[in-house]
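Below is one structure, written out as structure tokens; comments come after it.
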2 protein chains.
Amino acid sequence: MLPVVGQPQPERADAARNRQKIIEAATRMLAERGADELSLDEVARVAGVGVGTVYRRFGDRAGLLYALIDERERRFQAAFLSGPPPLGPGAPAADRIEAFLYALVDRIVAQQGLYVSLEKGGGMNKFSGPYRVHHVHLATLIAQARPRAAAPYLADALLAPVSACLIAFQREERGMNVDDIKAGLTSLTAAVIRGRVPG
Amino acid sequence: MLPVVGQPQPERADAARNRQKIIEAATRMLAERGADELSLDEVARVAGVGVGTVYRRFGDRAGLLYALIDERERRFQAAFLSGPPPLGPGAPAADRIEAFLYALVDRIVAQQGLYVSLEKGGGMNKFSGPYRVHHVHLATLIAQARPRAAAPYLADALLAPVSACLIAFQREERGMNVDDIKAGLTSLTAAVIRGRVPG
DNA sequence: AGCTTAACCGGAGATCCCTCCGGTTGCCAG
DNA sequence: CTGGCAACCGGAGGGATCTCCGGTTAAGCT
């Protein structure tokens with residue numbers, strides 16, 4: 001779906017047309033109302049298709065939400081895989097890690113409601129799709145910076161605080177702003193990657 | 001509800017009786033089926049009360065689920081607030097932090113389905129209740145070990161990888177076992193708290 | 001063009017979470 | 001004991017997600 005892989009089965013013309021109608025309707029409704037108010041029944045009605053069609057195209061609510069951020073995610077993946085440093089290759093691994101986490105935070109903050117809604121529903125499908133790509137990327141960078149570290153686990157551990165729900169909670173209920181969160185992430189990565197202990 | 005606070009308003013006798021009936025029915029059904037299959041309508045029917053009663057007693061699905069682990073959570077809070085070291089006071093803060101995170105992992109693994117179901121629903125209410133207590137406790141310990149660190153943020157950051165959904169994913173899809181997860185947490189806390197960098 | 005078939009379409013309906021409100025009952029003051 | 005009120009009860013119902021299946025249609029082959 002999102003992990004940058006072409007569809008093995010090409011869609012029929014009417015199916016592709018309906019997919020486009022659904023995405024357009026959902027995008028418009030997402031802009032007008034919030035992500036929480038995005039009812040799939042209503043999306044189907046506005047798009048002029050049956051609700052079954054929505055589910056056949058996108059699997060479930062999370063699938064549709066992923067499709068809505070698909071293009072942005074593609075650009076993001078291109079940026080950290082082959083874009084300019086410090087996000088892309090060319091900078092020290094430690095700097096790339098920090099830039100990567102910062103970009104993740106910005107991405108969530110830019111569409112907080114959408115990402116929160118995505119994490120709420122399902123729960124386990126949060127780890128399907130983009131997460132795997134992010135994890136592989138981050139684990140690779142960690143392995144470069146700290147060859148003997150448990151890179152796969154540390155990648156999970158650095159990705160975990162960059163959760164839409166946690167960030168929403170920190171901003172709304174704990175009064176933190178984006179820079180506070182980024183500063184925290186810096187001190188976390190500084191300790192884990194650079195060996196610079198906080199305090 | 002769960003943050004160890006007595007109810008300001010004592011319940012009427014019939015209300016307390018119904019609460020008990022609901023908890024017993026839910027506990028029984030939880031043991032037989034999984035936490036995912038726990039329908040509140042069905043709990044109400046088995047308990048012999050109306051569904052409105054369930055919601056008045058417990059607020060929502062998460063509230064009922066929290067009530068089911070309330071006693072265990074009470075014991076856990078007593079253990080790390082005033083029990084024997086290294087979980088309770090008396091041990092170095094760094095050791096208490098590690099013991100605390102280990103205990104959280106064990107607690108989740110013991111009732112994984114329940115905690116996963118708890119994190120899935122709602123999303124934001126994950127941070128209400130026990131989370132706040134755990135956060136205050138952990139932030140206090142971090143401040144003891146590292147007086148100049150950003151303790152509140154680091155507490156969130158250490159709590160984030162101890163998520164039921166993440167642990168379930170690591171165990172089921174990534175083939176990790178509990179000791180792998182604990183070892184990862186050790187290297188994480190070692191870096192953040194003890195200044196011992198991984199690798 | 002006509003045929004075949006696999007894929008697709010639509011919407012009724014099952015299930016679930018949660019709210020609302022008219023009727024009921026426990027509790028206490030008098 | 002009794003009257004009154006606040007709290008409680010039950011279940012109908014709204015709105016959401018997702019499934020299922022009979023009818024339809026696009027696409028390729030002859």
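We label chains A, B, ... in the order they appear in the structure tokens, count residues from 1 in each chain, and number ligands from 1 in the order shown.
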Using only C-alpha atoms (C1' of nucleotides), which residues of chain D come within 10 Å of chain B, and what is the closest atom pair for each, with the distance in Å to one decimal? Give it as a tab-separated table, sorted by chain and residue number.
```
residue	atom	partner	partner_atom	distance
D:DA7	C1'	B:Arg12	CA	7.8
D:DC8	C1'	B:Ala15	CA	7.0
D:DC9	C1'	B:Thr53	CA	6.9
D:DG10	C1'	B:Gly50	CA	4.9
D:DG11	C1'	B:Gly50	CA	6.5
```
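All of the residues in chain C within 8 Å of chain B are DC16, DC17, DC18 and DG26 of chain C, where only C-alpha atoms (C1' of nucleotides) were counted.
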Compile the residues of chain A that lie within 8 Å of chain B, evaluated using only C-alpha atoms, and express the compilation as a short mmCIF file (atom, residue, chain, number, x, y, z; two decimals) with C-alpha atoms, in the first residue's frame.
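As written to disk, result.cif reads:
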```cif
data_model
loop_
_atom_site.label_atom_id
_atom_site.label_comp_id
_atom_site.auth_asym_id
_atom_site.auth_seq_id
_atom_site.Cartn_x
_atom_site.Cartn_y
_atom_site.Cartn_z
CA VAL A 116 -4.05 10.85 15.82
CA GLU A 119 -3.18 5.74 15.54
CA LYS A 120 -6.43 5.41 17.41
CA GLY A 121 -8.21 3.07 15.06
CA GLY A 122 -6.85 -0.42 14.64
CA GLY A 123 -3.83 -0.09 16.88
CA MET A 124 -1.71 -2.81 15.33
CA PHE A 127 3.04 -0.65 12.42
CA ARG A 146 26.87 2.90 16.72
CA PRO A 147 27.90 -0.34 15.00
CA ARG A 148 27.65 -2.48 18.12
CA ALA A 149 24.32 -1.17 19.41
CA ALA A 150 21.01 -3.02 19.26
CA TYR A 153 15.33 -2.03 19.20
CA LEU A 154 16.73 1.47 19.54
CA ASP A 156 11.66 1.38 17.86
CA ALA A 157 12.57 3.24 21.01
CA LEU A 158 13.34 6.47 19.16
CA ALA A 160 7.96 5.52 19.96
CA PRO A 161 8.08 9.06 21.40
CA CYS A 165 -1.14 10.69 20.37
CA PHE A 169 -1.03 15.03 24.69
CA ILE A 181 9.45 18.37 21.92
CA GLY A 184 13.63 16.63 24.21
CA LEU A 188 17.36 11.70 23.84
CA ALA A 191 22.40 10.30 24.83
CA VAL A 192 21.72 7.24 22.74
CA ILE A 193 23.70 8.12 19.62
CA ARG A 194 26.28 10.70 20.51
CA GLY A 195 27.03 9.50 24.01
CA ARG A 196 26.31 12.95 25.38
CA VAL A 197 24.41 12.38 28.59
CA PRO A 198 21.67 14.81 29.62
CA GLY A 199 22.15 17.11 32.59
#
```
(message) Show me, as a ChimeraX atom specification, the residues that have an atom within 12 Å of D:DC29 when counting only C-alpha atoms (C1' of nucleotides), minus same-chain residues fewer than 5 positions from it.
(response) /C:2-5
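In this comparison, which uses only C-alpha atoms, the residue of A:Leu104, A:Leu64, A:Leu38, A:Ala94 approaching A:Phe76 most closely is A:Leu104.
Between atom CA of A:Arg74 and atom CA of A:Pro130 the interatomic distance comes to 9.5 Å.
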(request) Would you work out the distance separating atom C1' of D:DA12 from atom C1' of C:DC20, expressed in Å to one decimal? (result) 9.4 Å
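Across the model, the gap from atom CA of A:Gly129 to atom CA of A:Gly88 is 20.5 Å.
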(request) Just the alpha helix (DSSP H) stuff from stretch 61-152 of chain A, please, per backbone DSSP, written as a PyMOL selection string. (result) chain A and resi 61-68+70-82+93-110+112-120+130-145+151-152
